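Data from entry.tsv: TSV, C-alpha atoms
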```
chain	number	residue	atom	x	y	z
L	1	MET	CA	5.34	10.29	-8.07
L	2	SER	CA	3.88	13.55	-6.75
L	3	SER	CA	0.25	13.76	-5.66
L	4	PRO	CA	-2.23	16.13	-7.34
L	5	VAL	CA	-2.78	19.50	-5.73
L	6	GLY	CA	-5.96	20.29	-3.83
L	7	ARG	CA	-9.14	22.00	-4.98
L	8	GLY	CA	-8.00	25.56	-4.24
L	9	PRO	CA	-4.77	25.46	-6.31
L	10	ALA	CA	-6.61	23.65	-9.12
L	11	VAL	CA	-9.26	26.39	-9.29
L	12	ALA	CA	-6.57	29.07	-9.25
L	13	ALA	CA	-4.64	27.34	-12.05
L	14	SER	CA	-7.84	27.16	-14.12
L	15	VAL	CA	-9.10	30.69	-13.61
L	16	ALA	CA	-5.94	32.81	-13.44
L	17	PRO	CA	-4.62	32.17	-17.00
L	18	VAL	CA	-8.12	32.59	-18.47
L	19	VAL	CA	-8.70	35.90	-16.69
L	20	VAL	CA	-5.25	37.31	-17.50
L	21	ILE	CA	-5.33	36.34	-21.19
L	22	SER	CA	-8.95	37.46	-21.62
L	23	VAL	CA	-8.23	40.88	-20.09
L	24	ILE	CA	-5.24	41.32	-22.36
L	25	ALA	CA	-7.29	40.20	-25.38
L	26	PHE	CA	-9.86	42.95	-24.70
L	27	VAL	CA	-7.12	45.58	-24.40
L	28	VAL	CA	-5.03	44.87	-27.51
L	29	PRO	CA	-6.28	45.75	-31.00
L	30	ILE	CA	-8.81	43.37	-32.57
L	31	SER	CA	-6.25	42.43	-35.18
L	32	VAL	CA	-4.28	40.61	-32.44
L	33	HIS	CA	-5.96	37.26	-31.73
L	34	LEU	CA	-5.05	35.70	-28.34
L	35	GLY	CA	-7.73	33.02	-28.12
L	36	SER	CA	-5.31	30.20	-28.87
L	37	LEU	CA	-3.22	31.15	-25.84
L	38	LEU	CA	-6.03	30.06	-23.55
L	39	ILE	CA	-4.83	26.44	-23.91
L	40	ALA	CA	-2.39	27.41	-21.16
L	41	ALA	CA	-5.11	26.87	-18.53
L	42	PRO	CA	-5.82	23.16	-19.17
L	43	VAL	CA	-2.11	22.52	-19.72
L	44	LEU	CA	-1.28	24.01	-16.30
L	45	VAL	CA	-4.11	22.20	-14.55
L	46	ALA	CA	-3.17	18.88	-16.19
L	47	ALA	CA	0.35	19.25	-14.82
L	48	LEU	CA	-0.91	19.94	-11.30
L	49	SER	CA	-4.26	18.24	-10.79
L	50	THR	CA	-6.68	15.56	-11.93
L	51	ALA	CA	-8.51	14.76	-15.16
L	52	ARG	CA	-11.75	16.18	-13.76
L	53	TRP	CA	-10.21	19.58	-13.13
L	54	THR	CA	-8.51	19.44	-16.52
L	55	VAL	CA	-11.92	19.00	-18.18
L	56	ALA	CA	-13.26	21.99	-16.22
L	57	ALA	CA	-10.28	24.13	-17.23
L	58	ALA	CA	-10.67	23.08	-20.86
L	59	ALA	CA	-14.37	24.03	-20.89
L	60	LEU	CA	-13.63	27.41	-19.31
L	61	SER	CA	-10.82	28.07	-21.77
L	62	LEU	CA	-13.00	27.12	-24.75
L	63	LEU	CA	-15.75	29.45	-23.60
L	64	ALA	CA	-13.28	32.31	-23.06
L	65	ALA	CA	-11.67	31.68	-26.46
L	66	MET	CA	-15.05	31.93	-28.19
L	67	VAL	CA	-15.78	35.20	-26.38
L	68	CYS	CA	-12.38	36.59	-27.39
L	69	ASP	CA	-12.90	35.54	-31.01
L	70	LEU	CA	-16.36	37.12	-31.11
L	71	ARG	CA	-14.88	40.34	-29.77
L	72	ASP	CA	-12.31	40.16	-32.60
L	73	ASP	CA	-15.12	39.83	-35.21
L	74	LEU	CA	-14.06	36.25	-36.12
L	75	LEU	CA	-17.54	34.71	-36.09
L	76	HIS	CA	-17.57	34.16	-39.82
L	77	SER	CA	-13.80	33.59	-40.10
L	78	ALA	CA	-11.93	30.29	-40.39
L	79	VAL	CA	-9.81	31.32	-37.39
L	80	MET	CA	-12.58	30.74	-34.84
L	81	PRO	CA	-13.19	27.04	-35.66
L	82	VAL	CA	-9.41	26.50	-35.82
L	83	HIS	CA	-9.06	27.90	-32.29
L	84	ALA	CA	-11.89	25.69	-31.06
L	85	ALA	CA	-10.54	22.57	-32.75
L	86	ALA	CA	-7.05	23.16	-31.40
L	87	LEU	CA	-8.35	23.67	-27.85
L	88	LEU	CA	-10.54	20.56	-28.01
L	89	THR	CA	-7.79	18.36	-29.50
L	90	VAL	CA	-5.15	19.37	-26.97
L	91	SER	CA	-7.63	19.13	-24.09
L	92	VAL	CA	-8.68	15.59	-25.03
L	93	PHE	CA	-5.01	14.59	-25.15
L	94	LEU	CA	-4.36	16.20	-21.74
L	95	VAL	CA	-7.34	14.46	-20.13
L	96	ALA	CA	-6.15	11.10	-21.47
L	97	LEU	CA	-2.70	11.73	-20.00
L	98	CYS	CA	-4.19	12.68	-16.63
L	99	ARG	CA	-6.28	9.53	-16.49
L	100	ALA	CA	-3.28	7.39	-17.37
L	101	ARG	CA	-1.24	9.13	-14.66
L	102	GLU	CA	-4.02	8.60	-12.11
L	103	ARG	CA	-4.18	4.91	-13.03
L	104	VAL	CA	-0.41	4.56	-12.56
L	105	ARG	CA	-0.61	6.44	-9.26
L	106	LYS	CA	-3.37	4.12	-8.05
L	107	GLU	CA	-1.37	1.03	-9.03
L	108	ALA	CA	1.71	2.45	-7.31
L	109	GLY	CA	-0.32	3.02	-4.16
L	110	GLN	CA	-1.56	-0.56	-4.25
L	111	LEU	CA	2.01	-1.81	-4.74
L	112	ARG	CA	3.17	0.27	-1.80
L	113	ALA	CA	0.38	-1.12	0.37
L	114	ILE	CA	1.29	-4.68	-0.62
L	115	SER	CA	4.96	-3.99	0.15
L	116	GLU	CA	4.09	-2.61	3.57
L	117	ALA	CA	1.90	-5.63	4.32
L	118	THR	CA	4.71	-7.93	3.21
L	119	GLN	CA	7.13	-6.16	5.49
L	120	HIS	CA	4.91	-6.75	8.51
L	121	VAL	CA	4.62	-10.44	7.62
L	122	VAL	CA	8.29	-11.09	6.85
L	123	LEU	CA	9.95	-8.44	9.01
L	124	ARG	CA	7.77	-8.38	12.09
L	125	PRO	CA	8.11	-5.16	14.09
L	126	LEU	CA	10.49	-5.71	16.98
L	127	PRO	CA	9.17	-5.08	20.51
L	128	ARG	CA	10.39	-1.84	22.05
L	129	ARG	CA	11.40	-3.79	25.17
L	130	ILE	CA	12.66	-7.34	25.43
L	131	ALA	CA	13.63	-8.44	28.94
L	132	ASN	CA	16.11	-5.78	30.17
L	133	LEU	CA	16.78	-4.38	26.68
L	134	ARG	CA	15.35	-1.42	24.81
L	135	VAL	CA	15.11	-2.15	21.08
L	136	ALA	CA	14.46	-0.11	17.94
L	137	SER	CA	14.55	-1.14	14.29
L	138	ALA	CA	14.36	0.58	10.91
L	139	TYR	CA	14.32	-0.46	7.28
L	140	CYS	CA	15.16	1.96	4.48
L	141	ALA	CA	14.59	0.59	0.98
L	142	ALA	CA	16.72	1.73	-1.94
L	143	GLU	CA	13.73	1.50	-4.29
L	144	SER	CA	11.13	4.21	-3.69
L	145	LEU	CA	8.15	1.84	-4.07
L	146	ALA	CA	9.68	-1.04	-2.14
L	147	ARG	CA	9.30	-1.56	1.59
L	148	VAL	CA	11.16	-4.82	2.03
L	149	GLY	CA	13.86	-6.72	0.21
L	150	GLY	CA	16.84	-8.91	0.98
L	151	ASP	CA	17.85	-7.32	4.30
L	152	LEU	CA	16.44	-8.96	7.41
L	153	TYR	CA	16.31	-8.84	11.18
L	154	ALA	CA	14.45	-10.61	13.96
L	155	ALA	CA	14.53	-11.04	17.72
L	156	ALA	CA	13.50	-13.85	20.04
L	157	ARG	CA	13.32	-14.09	23.84
L	158	THR	CA	14.58	-17.56	24.64
L	159	PRO	CA	15.54	-19.55	27.76
L	160	TYR	CA	19.15	-18.61	26.98
L	161	GLY	CA	18.54	-14.86	26.78
L	162	THR	CA	17.46	-12.42	24.10
L	163	ARG	CA	18.71	-13.39	20.66
L	164	LEU	CA	18.75	-11.35	17.49
L	165	VAL	CA	19.74	-11.92	13.90
L	166	ILE	CA	20.49	-9.35	11.24
L	167	GLY	CA	21.49	-10.30	7.73
L	168	ASP	CA	21.69	-9.52	4.04
L	169	VAL	CA	20.61	-11.90	1.29
L	170	LYS	CA	22.56	-12.00	-1.96
L	171	GLY	CA	20.54	-10.49	-4.78
L	172	LYS	CA	17.35	-8.46	-4.95
L	173	GLY	CA	13.68	-8.83	-5.74
L	174	LEU	CA	11.29	-11.65	-4.93
L	175	ARG	CA	14.00	-14.28	-4.80
L	176	ALA	CA	15.87	-12.34	-2.13
L	177	LEU	CA	12.62	-11.90	-0.23
L	178	ASP	CA	12.03	-15.66	-0.42
L	179	ASP	CA	15.51	-16.37	0.99
L	180	ALA	CA	15.04	-13.79	3.76
L	181	ALA	CA	11.70	-15.31	4.76
L	182	ALA	CA	13.22	-18.79	4.85
L	183	LEU	CA	16.07	-17.72	7.14
L	184	LEU	CA	13.80	-15.72	9.45
L	185	GLY	CA	11.44	-18.67	9.83
L	186	ALA	CA	14.36	-20.95	10.65
L	187	PHE	CA	15.78	-18.49	13.19
L	188	ARG	CA	12.48	-17.99	15.02
L	189	GLU	CA	12.25	-21.75	15.56
L	190	ALA	CA	15.90	-22.69	16.11
L	191	ALA	CA	16.68	-19.80	18.48
L	192	HIS	CA	14.70	-21.61	21.21
L	193	GLN	CA	16.28	-25.01	20.62
L	194	HIS	CA	20.04	-24.47	20.87
L	195	ALA	CA	21.85	-23.40	24.01
L	196	ALA	CA	24.95	-21.94	22.30
L	197	LEU	CA	25.22	-19.50	19.40
L	198	PRO	CA	27.60	-21.74	17.39
L	199	ASP	CA	25.00	-24.51	17.57
L	200	LEU	CA	22.35	-22.07	16.42
L	201	ALA	CA	24.55	-20.96	13.51
L	202	ALA	CA	25.07	-24.56	12.40
L	203	ALA	CA	21.31	-25.17	12.57
L	204	LEU	CA	20.66	-22.12	10.39
L	205	GLU	CA	23.24	-23.36	7.90
L	206	ARG	CA	21.32	-26.64	7.62
L	207	SER	CA	18.08	-24.74	7.07
L	208	VAL	CA	19.59	-22.52	4.38
L	209	ARG	CA	21.04	-25.55	2.60
L	210	ARG	CA	17.65	-27.26	2.59
L	211	HIS	CA	16.04	-24.13	1.24
L	212	VAL	CA	18.65	-23.83	-1.52
L	213	THR	CA	18.25	-27.51	-2.42
L	214	GLU	CA	14.50	-27.10	-2.81
L	215	ALA	CA	14.98	-23.97	-4.90
L	216	SER	CA	17.48	-25.73	-7.17
L	217	HIS	CA	14.68	-27.88	-8.59
L	218	THR	CA	13.27	-24.83	-10.37
L	219	GLU	CA	16.20	-22.40	-10.52
L	220	ALA	CA	19.52	-23.26	-12.15
L	221	ASP	CA	21.55	-20.70	-10.17
L	222	ALA	CA	20.07	-21.52	-6.74
L	223	ALA	CA	23.39	-22.97	-5.59
L	224	GLU	CA	24.87	-19.46	-5.72
L	225	ARG	CA	22.56	-18.17	-3.01
L	226	PHE	CA	23.93	-17.21	0.39
L	227	VAL	CA	23.13	-14.94	3.33
L	228	THR	CA	25.51	-12.90	5.44
L	229	ALA	CA	24.23	-12.97	9.01
L	230	LEU	CA	25.15	-11.84	12.49
L	231	LEU	CA	23.79	-13.70	15.52
L	232	VAL	CA	23.63	-11.72	18.75
L	233	GLU	CA	22.81	-12.89	22.26
L	234	PHE	CA	22.21	-10.95	25.47
L	235	PRO	CA	22.10	-13.46	28.34
L	236	THR	CA	19.59	-12.67	31.06
L	237	ASP	CA	22.01	-13.26	33.93
L	238	GLU	CA	25.20	-11.72	32.49
L	239	ALA	CA	26.10	-8.17	31.45
L	240	VAL	CA	27.63	-9.26	28.16
L	241	MET	CA	26.81	-9.46	24.49
L	242	ARG	CA	27.81	-12.54	22.50
L	243	THR	CA	28.09	-12.61	18.73
L	244	VAL	CA	28.73	-15.08	15.94
L	245	SER	CA	29.37	-13.60	12.53
L	246	CYS	CA	28.71	-15.40	9.28
L	247	GLY	CA	30.32	-12.95	6.90
L	248	HIS	CA	28.50	-9.99	8.46
L	249	PRO	CA	29.97	-6.87	10.15
L	250	LEU	CA	29.98	-6.70	13.93
L	251	PRO	CA	27.88	-4.04	15.69
L	252	LEU	CA	28.96	-0.51	16.51
L	253	LEU	CA	29.09	0.37	20.21
L	254	LEU	CA	27.80	3.75	21.38
L	255	ARG	CA	29.14	4.41	24.88
L	256	ASP	CA	29.43	7.80	26.55
L	257	GLN	CA	28.66	9.55	23.24
L	258	ARG	CA	31.55	7.77	21.53
L	259	ILE	CA	31.31	5.31	18.65
L	260	THR	CA	33.51	2.20	18.59
L	261	ALA	CA	33.66	-0.33	15.78
L	262	LEU	CA	33.82	-3.71	17.50
L	263	SER	CA	36.30	-6.26	16.28
L	264	GLY	CA	36.37	-10.02	16.74
L	265	ARG	CA	37.86	-13.21	15.51
L	266	ALA	CA	37.66	-14.22	11.87
L	267	PRO	CA	34.02	-14.62	10.82
L	268	ALA	CA	32.61	-17.80	9.34
L	269	PRO	CA	31.55	-17.82	5.67
L	270	PRO	CA	28.01	-16.65	4.88
L	271	LEU	CA	25.15	-19.04	5.53
L	272	GLY	CA	24.73	-21.34	2.59
L	273	LEU	CA	28.51	-21.57	2.22
L	274	ALA	CA	29.45	-22.27	5.84
L	275	SER	CA	30.03	-25.44	7.86
L	276	LEU	CA	27.57	-27.79	9.51
L	277	ASP	CA	30.01	-28.24	12.42
L	278	PRO	CA	29.32	-25.84	15.34
L	279	ALA	CA	33.05	-25.82	16.10
L	280	ALA	CA	33.63	-23.86	12.89
L	281	TYR	CA	31.82	-20.82	14.30
L	282	ARG	CA	33.76	-18.49	16.56
L	283	GLN	CA	31.95	-16.65	19.32
L	284	ASP	CA	32.98	-13.19	20.55
L	285	THR	CA	31.97	-11.63	23.86
L	286	VAL	CA	31.73	-7.94	24.76
L	287	ALA	CA	31.04	-6.59	28.26
L	288	CYS	CA	27.97	-4.34	28.53
L	289	ALA	CA	27.56	-1.28	30.72
L	290	PRO	CA	24.25	0.39	31.57
L	291	HIS	CA	22.96	2.56	28.72
L	292	ASP	CA	25.35	1.08	26.16
L	293	VAL	CA	23.78	0.95	22.71
L	294	PHE	CA	24.80	-1.58	20.08
L	295	LEU	CA	23.98	-0.65	16.50
L	296	LEU	CA	23.46	-3.65	14.21
L	297	TYR	CA	23.45	-2.77	10.52
L	298	THR	CA	23.60	-4.21	7.01
L	299	ASP	CA	26.05	-3.39	4.24
L	300	GLY	CA	23.74	-0.76	2.80
L	301	LEU	CA	24.86	1.61	5.57
L	302	ALA	CA	28.60	1.06	5.34
L	303	GLU	CA	28.61	1.00	1.53
L	304	ALA	CA	26.43	4.07	0.95
L	305	ARG	CA	28.25	6.72	-1.12
L	306	ASP	CA	28.16	10.48	-1.50
L	307	ASP	CA	28.22	12.34	-4.82
L	308	SER	CA	31.99	11.84	-5.15
L	309	GLY	CA	31.76	8.08	-4.58
L	310	ARG	CA	33.19	8.04	-1.03
L	311	PHE	CA	31.79	5.42	1.34
L	312	TYR	CA	29.81	6.49	4.38
L	313	PRO	CA	32.40	6.70	7.24
L	314	LEU	CA	30.60	5.07	10.13
L	315	THR	CA	32.81	5.96	13.06
L	316	ASP	CA	33.57	9.48	11.79
L	317	ARG	CA	29.92	10.31	11.18
L	318	GLY	CA	29.10	8.77	14.53
L	319	THR	CA	30.26	11.97	16.22
L	320	ARG	CA	27.08	13.57	14.85
L	321	TRP	CA	24.84	11.09	16.68
L	322	ARG	CA	23.88	12.61	20.00
L	323	THR	CA	21.25	10.88	22.09
L	324	GLU	CA	20.06	11.28	25.64
L	325	GLN	CA	21.32	8.20	27.47
L	326	GLY	CA	21.59	6.41	24.14
L	327	ASP	CA	17.88	6.22	23.33
L	328	PRO	CA	17.82	3.60	20.55
L	329	GLU	CA	14.88	5.13	18.64
L	330	VAL	CA	16.47	8.57	18.65
L	331	LEU	CA	19.74	7.03	17.55
L	332	LEU	CA	18.19	5.35	14.51
L	333	ARG	CA	16.45	8.56	13.45
L	334	GLN	CA	19.75	10.43	13.66
L	335	VAL	CA	21.62	7.75	11.72
L	336	LEU	CA	19.05	7.70	8.90
L	337	ASP	CA	18.81	11.50	8.75
L	338	ASP	CA	22.59	11.77	8.54
L	339	LEU	CA	22.72	9.03	5.91
L	340	VAL	CA	20.19	10.90	3.76
L	341	ARG	CA	22.23	14.10	4.06
L	342	TYR	CA	25.45	12.31	3.17
L	343	THR	CA	24.06	10.50	0.13
L	344	GLY	CA	21.70	13.21	-1.04
L	345	GLY	CA	18.82	10.76	-0.54
L	346	ARG	CA	20.17	8.24	-3.09
L	347	LEU	CA	20.76	4.72	-1.81
L	348	ASP	CA	22.28	1.93	-3.89
L	349	ASP	CA	21.23	-0.79	-1.45
L	350	ASP	CA	18.64	-1.36	1.25
L	351	VAL	CA	19.58	-0.48	4.82
L	352	ALA	CA	18.39	-2.41	7.87
L	353	LEU	CA	19.22	-1.14	11.36
L	354	VAL	CA	18.62	-2.49	14.84
L	355	ALA	CA	19.67	-0.58	17.96
L	356	VAL	CA	19.78	-2.39	21.30
L	357	GLN	CA	20.32	-0.59	24.59
L	358	CYS	CA	21.52	-2.37	27.70
L	359	ALA	CA	19.29	-1.05	30.44
L	360	PRO	CA	19.52	-3.29	33.51
L	361	GLY	CA	16.42	-3.09	35.65
L	362	ALA	CA	14.29	-1.59	32.86
```

In structure tokens, what does this structure look like?
Amino acid sequence: MSSPVGRGPAVAASVAPVVVISVIAFVVPISVHLGSLLIAAPVLVAALSTARWTVAAAALSLLAAMVCDLRDDLLHSAVMPVHAAALLTVSVFLVALCRARERVRKEAGQLRAISEATQHVVLRPLPRRIANLRVASAYCAAESLARVGGDLYAAARTPYGTRLVIGDVKGKGLRALDDAAALLGAFREAAHQHAALPDLAAALERSVRRHVTEASHTEADAAERFVTALLVEFPTDEAVMRTVSCGHPLPLLLRDQRITALSGRAPAPPLGLASLDPAAYRQDTVACAPHDVFLLYTDGLAEARDDSGRFYPLTDRGTRWRTEQGDPEVLLRQVLDDLVRYTGGRLDDDVALVAVQCAPGA
């Protein structure tokens, strides 16, 4: 929803039509009555500005219309009160519309503020540096008024290294937000308690199952909930990245200005549908070089479409991402800018991104 224009444009929109129409009315013969055309001023102002300026434009137009009618010798004619009644009726309607629009705009602003506050509570901003890593994160909501939804990410510095999670909850709305908050809370606690990623994955599966069980008391379809998630670990004493996927895509690797889609062993089912046995989770390991950047993402990126319905080609579009030594913040800006260009600014799903740069000695 666009914001109203400032004082200067509002004054111009009020005065210009009145002056132009009034000048023309004094030039044409008195048999040509242009007073009714002065409704153009409040109509224009109502489209561009606030109710207050619409009232001012209506008053100016009414005054000018009376002057034009007097010049046309309509003082004792039925035309003059008709002009006045028409201007007043339309102006009252326009002012009511402006006030309703301002009320909706205020409510939308409050909703946006609440969404932003919710994002900071549920999706805490990630530190720009964690141990020897540089980190950047971004969240792009599909809904214009939303700031957070079912996509999630978090990071924790633990005795076992830096651990991250990125995931996507099934569904949308408040229920998805509830599931995301439950998983993030479980991760922030369990990440410090389990030495191996498969053990952490099994612990998160237990937490998701408990959450679903509690939700099933009030929601009949709670058993259908699940969360795709990717667990990532950067050990402090090893130049590697370890991952465990629960139905979630593996990161992209940006190395020497080239994009590589990492592959691994078969992922486990999404959390909520997976196993409680840590042995069911397969861990993959990738060697890290200085200035490598790993891009963690949710399905909203890979499944974004252009006008013809073609999916966003990650590795092909990756040739457009050029960053100095793989700066993670610059990378995310380039990815989002390119995504907006590719989709024309229309997203069907939320997009969460986390970029992690290996920077030994940082």

Inset, instruction - List the neighbours of segment 73-82 of chain L out to 12 Å using all atoms listed in the file; skip same-chain residues closer than 2 positions along the sequence, and give me the result as a list of chain:residue names. - result: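 Result of the neighbour search: L:Pro29, L:Ile30, L:Ser31, L:Val32, L:His33, L:Leu34, L:Gly35, L:Ser36, L:Leu62, L:Leu63, L:Ala64, L:Ala65, L:Met66, L:Val67, L:Cys68, L:Asp69, L:Leu70, L:Arg71, L:Ala84, L:Ala85, L:Ala86, L:Leu87, L:Leu88, L:Thr89.
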
Inset, instruction - Go through L:Ile39, L:His194, L:Leu276, L:Asp221 one by one, measure the shortest atom-to-atom distance of each to Val208 of chain L using all atoms listed in the file, and give the residue with the smallest value. - result: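 When distances to Val208 of chain L are compared using all atoms listed in the file, the smallest one comes from L:Leu276.
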
Inset, instruction - Pick out the closest residue to Leu253 of chain L from this set: L:Ala304, L:Ala355, L:Ala108, L:Ala280. Count only C-alpha atoms. - result: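 Of the candidates, the smallest distance to Leu253 of chain L is held by L:Ala355.
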
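In terms of minimum interatomic distance to Glu329 of chain L, L:Arg129 ranks closest within L:Arg305, L:Arg129, L:Phe93, L:Gln110, counting only C-alpha atoms.
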
Inset, instruction - Please indicate the distance in Å from atom CA of Lys106 of chain L to atom CA of Arg52 of chain L, rounded to one decimal place. - result: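 Going from atom CA of Lys106 of chain L over to atom CA of Arg52 of chain L, I get 15.8 Å.
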
Inset, instruction - Mind listing whatever residues come within 9 Å of the point (27.0, -21.9, 5.4)? Use only C-alpha atoms, file coordinates, and give them as a ChimeraX atom specification. - result: /L:201-202,204-206,208-209,226-227,246,268-276

How about saving the chosen residues, C-alpha atoms kept, as a JSON list (two decimals), in the frame of the given file?
```json
[["chain", "number", "residue", "atom", "x", "y", "z"],
["L", 201, "ALA", "CA", 24.55, -20.96, 13.51],
["L", 202, "ALA", "CA", 25.07, -24.56, 12.40],
["L", 204, "LEU", "CA", 20.66, -22.12, 10.39],
["L", 205, "GLU", "CA", 23.24, -23.36, 7.90],
["L", 206, "ARG", "CA", 21.32, -26.64, 7.62],
["L", 208, "VAL", "CA", 19.59, -22.52, 4.38],
["L", 209, "ARG", "CA", 21.04, -25.55, 2.60],
["L", 226, "PHE", "CA", 23.93, -17.21, 0.39],
["L", 227, "VAL", "CA", 23.13, -14.94, 3.33],
["L", 246, "CYS", "CA", 28.71, -15.40, 9.28],
["L", 268, "ALA", "CA", 32.61, -17.80, 9.34],
["L", 269, "PRO", "CA", 31.55, -17.82, 5.67],
["L", 270, "PRO", "CA", 28.01, -16.65, 4.88],
["L", 271, "LEU", "CA", 25.15, -19.04, 5.53],
["L", 272, "GLY", "CA", 24.73, -21.34, 2.59],
["L", 273, "LEU", "CA", 28.51, -21.57, 2.22],
["L", 274, "ALA", "CA", 29.45, -22.27, 5.84],
["L", 275, "SER", "CA", 30.03, -25.44, 7.86],
["L", 276, "LEU", "CA", 27.57, -27.79, 9.51]]
```

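Of the residues listed (L:Asp199, L:Glu238, L:Asp292, L:Asp306), L:Asp199 shows the shortest atom-to-atom separation from Asp277 of chain L; distances use all atoms listed in the file.
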
Legend entry - Nearest candidate to Arg134 of chain L (options L:Thr343, L:Ala58, L:Asp327, L:Asp338; using only C-alpha atoms):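 Smallest distance to Arg134 of chain L is found for L:Asp327.
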
Write out as a Markdown table the residues of segment 210-277 of chain L that have any atom within 8 Å of an atom of segment 156-178 of chain L, one row each with the nearest atom pair and its distance in Å to one decimal, counting only C-alpha atoms, sorted by chain and then rising number.
```
| residue | atom | partner | partner_atom | distance |
| --- | --- | --- | --- | --- |
| L:Arg225 | CA | L:Lys170 | CA | 6.3 |
| L:Phe226 | CA | L:Lys170 | CA | 5.9 |
| L:Val227 | CA | L:Val169 | CA | 4.4 |
| L:Thr228 | CA | L:Asp168 | CA | 5.3 |
| L:Ala229 | CA | L:Gly167 | CA | 4.0 |
| L:Leu230 | CA | L:Ile166 | CA | 5.4 |
| L:Leu231 | CA | L:Val165 | CA | 4.7 |
| L:Val232 | CA | L:Leu164 | CA | 5.1 |
| L:Glu233 | CA | L:Arg163 | CA | 4.4 |
| L:Phe234 | CA | L:Thr162 | CA | 5.2 |
| L:Pro235 | CA | L:Gly161 | CA | 4.1 |
| L:Thr236 | CA | L:Gly161 | CA | 4.9 |
| L:His248 | CA | L:Gly167 | CA | 7.1 |
```

Legend entry - Atomic separation - atom CA of Val293 of chain L relative to atom CA of Ala136 of chain L, Å: 10.5 Å

Inset, instruction - Give the answer as one residue: which of L:Ile259, L:Ala59, L:Ala352, L:Cys358 has the shortest atom-to-atom distance to Ser137 of chain L, using all atoms listed in the file? - result: L:Ala352

Inset, instruction - Just give me the residues with any atom within 7 Å of (23.5, 2.0, 25.5), file coordinates, counting only C-alpha atoms, written as a list in words. - result: Leu254, Arg255, Pro290, His291, Asp292, Val293, Phe294, Gln325, Gly326, Gln357 and Cys358 of chain L

Inset, instruction - Go ahead and compute the interatomic distance for atom CA of Ser245 of chain L and atom CA of Gln283 of chain L, in Å to one decimal. - result: 7.9 Å

Legend entry - Within 6 Å of Val240 of chain L using all atoms listed in the file, minus same-chain residues under 4 positions, as a list in words: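 Here the qualifying residues turn out to be Val286, Ala287 and Cys288 of chain L.
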
Set up a box along x, y and z of the file covering all listed atoms of segment 202-217 of chain L, add 8 Å on every one of the six sides, and write the centre and edge lengths in Å to one decimal, as lines of an AutoDock Vina configuration file.
```
center_x = 19.8
center_y = -25.0
center_z = 2.0
size_x = 26.6
size_y = 21.8
size_z = 37.2
```
